[in-house]
$ cat my_file10.tsv   # TSV, C-alpha atoms
chain	number	residue	atom	x	y	z
Q	190	MET	CA	4.88	7.44	-1.05
Q	191	LYS	CA	1.30	7.03	0.04
Q	192	HIS	CA	-1.71	6.84	-0.34
Q	193	MET	CA	-2.17	6.47	-4.10
Q	194	PRO	CA	-4.09	7.79	-5.91
Q	195	GLY	CA	-5.14	10.11	-3.08
Q	196	HIS	CA	-6.74	9.94	0.35
Q	197	GLY	CA	-7.42	13.64	0.88
Q	198	ARG	CA	-11.08	13.60	-0.12
Q	199	GLY	CA	-11.87	10.49	1.89
Q	200	PHE	CA	-13.40	11.82	5.07
Q	201	ALA	CA	-14.01	8.46	6.74
Q	202	ASP	CA	-11.23	6.83	8.73
Q	203	SER	CA	-10.27	3.78	6.65
Q	204	HIS	CA	-9.14	2.03	9.82
Q	205	LEU	CA	-12.82	1.94	10.76
Q	206	GLU	CA	-14.86	2.20	7.56
Q	207	LEU	CA	-14.61	2.58	3.79
Q	208	PRO	CA	-14.22	6.17	2.54
Q	209	VAL	CA	-16.12	6.94	-0.68
Q	210	VAL	CA	-15.12	9.83	-2.95
Q	211	THR	CA	-17.83	10.96	-5.36
Q	212	VAL	CA	-16.16	13.78	-7.33
Q	213	SER	CA	-15.71	13.52	-11.09
Q	214	ARG	CA	-12.71	11.90	-12.68
Q	215	GLY	CA	-11.83	15.27	-14.18
Q	216	GLU	CA	-11.70	16.80	-10.71
Q	217	LEU	CA	-9.45	13.95	-9.52
Q	218	GLU	CA	-7.18	14.36	-12.55
Q	219	THR	CA	-6.92	18.11	-12.06
Q	220	HIS	CA	-6.45	18.31	-8.31
Q	221	ASP	CA	-5.69	14.93	-6.74
Q	222	PHE	CA	-3.42	13.02	-9.11
Q	223	PRO	CA	-0.78	15.70	-9.97
Q	224	PRO	CA	1.26	15.28	-6.74
Q	225	PHE	CA	1.57	11.57	-7.52
Q	226	VAL	CA	2.51	12.28	-11.14
Q	227	ALA	CA	5.28	14.54	-9.84
Q	228	MET	CA	6.56	11.67	-7.68
Q	229	LYS	CA	5.92	8.83	-10.12
Q	230	ASP	CA	9.59	7.80	-10.16
Q	231	GLU	CA	9.67	6.85	-6.48
Q	232	LEU	CA	10.71	3.24	-5.95
Q	233	MET	CA	7.74	2.26	-3.80
Q	234	ALA	CA	4.22	3.43	-3.04
Q	235	MET	CA	1.18	2.41	-1.02
Q	236	THR	CA	-2.40	2.30	-2.22
Q	237	CYS	CA	-5.40	3.65	-0.34
Q	238	HIS	CA	-8.56	1.92	0.83
Q	239	VAL	CA	-10.84	4.50	-0.81
Q	240	VAL	CA	-13.60	4.03	-3.40
Q	241	PHE	CA	-13.48	6.53	-6.27
Q	242	THR	CA	-16.98	6.24	-7.76
Q	243	ALA	CA	-15.96	7.94	-11.01
Q	244	ILE	CA	-13.38	5.21	-11.66
Q	245	ASP	CA	-14.62	2.04	-9.93
Q	246	PRO	CA	-17.77	2.42	-7.84
Q	247	ASP	CA	-17.54	-1.15	-6.55
Q	248	ASN	CA	-13.99	-1.54	-5.24
Q	249	PRO	CA	-11.56	0.45	-3.11
Q	250	ALA	CA	-8.38	1.49	-4.95
Q	251	THR	CA	-6.34	-1.22	-3.20
Q	252	THR	CA	-8.43	-3.99	-4.78
Q	253	SER	CA	-9.44	-2.23	-7.99
Q	254	ARG	CA	-7.81	-3.37	-11.23
Q	255	LYS	CA	-9.29	-0.22	-12.86
Q	256	VAL	CA	-7.66	2.13	-10.37
Q	257	ILE	CA	-4.33	0.32	-10.29
Q	258	ASP	CA	-3.97	-0.34	-14.04
Q	259	ASP	CA	-5.73	2.70	-15.51
Q	260	VAL	CA	-4.86	5.38	-12.97
Q	261	ILE	CA	-1.81	4.43	-10.91
Q	262	ARG	CA	0.17	2.50	-13.55
Q	263	THR	CA	-0.98	4.30	-16.72
Q	264	GLU	CA	-2.27	7.82	-16.03
Q	265	ILE	CA	0.05	8.59	-13.12
Q	266	GLY	CA	2.81	6.48	-14.67
Q	267	PHE	CA	4.02	4.82	-11.48
Q	268	LYS	CA	6.16	1.78	-12.32
Q	269	GLY	CA	7.62	1.00	-8.88
Q	270	LEU	CA	6.71	-1.51	-6.21
Q	271	LEU	CA	3.08	-1.12	-5.18
Q	272	LEU	CA	2.01	-2.33	-1.77
Q	273	SER	CA	-1.39	-2.24	-0.19
Q	274	ASP	CA	-2.33	-0.35	2.88
Q	275	ASP	CA	-2.90	-2.64	5.88
Q	276	THR	CA	-5.23	-5.59	5.26
Q	277	SER	CA	-6.45	-5.35	8.86
Q	278	MET	CA	-8.21	-2.04	8.28
Q	279	ASN	CA	-12.00	-2.23	8.39
Q	280	ALA	CA	-12.40	-0.38	5.10
Q	281	LEU	CA	-11.87	-3.73	3.40
Q	282	ALA	CA	-14.57	-6.40	3.37
Q	283	GLY	CA	-14.17	-10.13	3.88
Q	284	THR	CA	-11.79	-12.26	5.87
Q	285	ILE	CA	-8.11	-11.37	6.05
Q	286	GLY	CA	-7.44	-14.11	3.50
Q	287	GLU	CA	-10.11	-12.82	1.12
Q	288	ARG	CA	-8.76	-9.30	1.48
Q	289	ALA	CA	-5.23	-10.49	0.69
Q	290	ALA	CA	-6.41	-12.39	-2.40
Q	291	ASN	CA	-8.41	-9.35	-3.59
Q	292	ILE	CA	-5.39	-7.08	-3.13
Q	293	ILE	CA	-3.24	-9.31	-5.34
Q	294	ALA	CA	-6.08	-9.67	-7.88
Q	295	GLY	CA	-6.38	-5.88	-7.95
Q	296	GLY	CA	-2.77	-5.51	-9.03
Q	297	CYS	CA	-0.73	-4.73	-5.92
Q	298	ASP	CA	2.70	-6.36	-5.76
Q	299	ILE	CA	2.74	-6.82	-1.99
Q	300	VAL	CA	0.07	-7.31	0.66
Q	301	LEU	CA	0.76	-5.38	3.86
Q	302	HIS	CA	-0.41	-6.97	7.11
Q	303	CYS	CA	0.53	-5.01	10.22
Q	304	ASN	CA	-1.10	-6.60	13.24
Q	305	GLY	CA	1.16	-9.57	13.84
Q	306	HIS	CA	-1.57	-12.03	14.80
Q	307	MET	CA	-0.19	-15.43	13.76
Q	308	ASP	CA	-3.53	-16.85	12.61
Q	309	GLU	CA	-4.05	-13.83	10.36
Q	310	MET	CA	-0.49	-14.06	9.02
Q	311	ARG	CA	-1.08	-17.68	8.04
Q	312	GLU	CA	-4.31	-16.71	6.30
Q	313	VAL	CA	-2.56	-13.94	4.35
Q	314	VAL	CA	0.29	-16.24	3.30
Q	315	ALA	CA	-2.19	-18.89	2.18
Q	316	ASN	CA	-3.85	-16.38	-0.16
Q	317	VAL	CA	-0.91	-14.66	-1.84
Q	318	PRO	CA	1.64	-16.04	-4.28
Q	319	PRO	CA	5.39	-15.89	-3.67
Q	320	LEU	CA	7.00	-12.68	-4.90
Q	321	ALA	CA	8.00	-13.38	-8.51
Q	322	GLY	CA	8.25	-11.87	-11.96
Q	323	LEU	CA	7.82	-8.13	-12.34
Q	324	ALA	CA	6.81	-7.74	-8.70
Q	325	ARG	CA	10.09	-9.36	-7.62
Q	326	GLU	CA	12.06	-7.15	-10.02
Q	327	ARG	CA	10.40	-4.08	-8.52
Q	328	ALA	CA	11.22	-5.31	-5.00
Q	329	GLN	CA	14.87	-5.83	-5.99
Q	330	LEU	CA	15.03	-2.25	-7.27
Q	331	VAL	CA	13.72	-1.03	-3.92
Q	332	GLU	CA	16.34	-3.08	-2.07
Q	333	GLU	CA	19.08	-1.68	-4.34
Q	334	GLY	CA	17.78	1.84	-3.75
Q	335	PHE	CA	18.71	1.82	-0.07
Q	336	PRO	CA	22.28	2.49	0.98
Q	337	THR	CA	24.34	-0.35	2.30
Q	338	THR	CA	24.35	-0.89	6.02
Q	339	ASP	CA	27.00	0.73	8.14
Q	340	ALA	CA	29.32	-1.02	10.56
Q	341	THR	CA	27.16	-0.31	13.60
Q	342	ASP	CA	26.66	-3.35	15.80
Q	343	GLU	CA	23.01	-4.23	16.50
Q	344	ALA	CA	23.73	-5.24	20.09
Q	345	THR	CA	25.30	-1.82	20.74
Q	346	ILE	CA	22.29	-0.01	19.30
Q	347	ARG	CA	19.86	-2.13	21.35
Q	348	ALA	CA	21.83	-1.47	24.53
Q	349	GLU	CA	21.79	2.26	23.83
Q	350	PHE	CA	18.04	2.15	23.18
Q	351	ASP	CA	17.38	0.15	26.35
Q	352	ALA	CA	19.47	2.58	28.39
Q	353	MET	CA	17.44	5.51	27.06
Q	354	PHE	CA	14.21	4.01	28.32
Q	355	ALA	CA	15.43	2.36	31.50
Q	356	THR	CA	13.60	3.43	34.61
Q	357	ALA	CA	15.56	4.49	37.65
$ encode --input "my_file10.tsv" --output "structure tokens"
Amino acid sequence: MKHMPGHGRGFADSHLELPVVTVSRGELETHDFPPFVAMKDELMAMTCHVVFTAIDPDNPATTSRKVIDDVIRTEIGFKGLLLSDDTSMNALAGTIGERAANIIAGGCDIVLHCNGHMDEMREVVANVPPLAGLARERAQLVEEGFPTTDATDEATIRAEFDAMFATA
């Protein structure tokens, strides 16, 4: 599930800049958090790169201990695996490594990095700890929550895919 605890009021594109939501906490609790409360038992969720000034005016949810501990974990009651939105998005400040460290410090279990640039991957890895403790337990529950694989052969699937997109 994504983007906790809500991206709907953030009018800026977090790929490009940091959205800031200025409504009261009461308004958020009444209108924005209930869908997440209803889905609090999902195994995995993603945070949002949005500042909620009524909760933490200085940090986006992804890097905010207040948002993650007080809202996502306590008020909403989400106990599953919490991963960040992409570290490459321009809503976050700092280097990729600083972003990754801030995401872990904020309380996310996993740092998501989507771009695949090797230098950035190395910087992320250098700034996050190995998955351990409660975060690892949550990850194991996610893994157990998916059905076992079927007997389909990967080579067969790839050949079928390639044939679908082959040009004549």
$ residues_around --input "my_file10.tsv" --residues "segment 290-296 of chain Q" --least-positions-apart "2" --cutoff "6 Å" --atoms "all atoms listed in the file" --output "list in words"
Thr251, Thr252, Ser253, Arg254, Glu287, Arg288, Asn316 and Val317 of chain Q
$ atom_distance --input "my_file10.tsv" --atom1 "atom CA of Val239 of chain Q" --atom2 "atom CA of Leu323 of chain Q"
25.3 Å
$ closest_residue --input "my_file10.tsv" --among "Q:Asn248, Q:Asn304, Q:Thr236, Q:Thr284" --to "Val210 of chain Q" --atoms "only C-alpha atoms"
Q:Asn248
$ closest_residue --input "my_file10.tsv" --among "Q:Ala250, Q:Leu232, Q:Ala243, Q:Met307" --to "Ala328 of chain Q" --atoms "all atoms listed in the file"
Q:Leu232
$ residues_around --input "my_file10.tsv" --residues "segment 206-208 of chain Q" --least-positions-apart "2" --cutoff "8 Å" --atoms "only C-alpha atoms" --output "count of residues only"
15
$ atom_distance --input "my_file10.tsv" --atom1 "atom CA of Ala352 of chain Q" --atom2 "atom CA of Phe335 of chain Q"
28.5 Å
$ residues_around --input "my_file10.tsv" --residues "segment 212-214 of chain Q" --least-positions-apart "5" --cutoff "9 Å" --atoms "all atoms listed in the file" --output "PyMOL selection string"
chain Q and resi 198+219+241-244
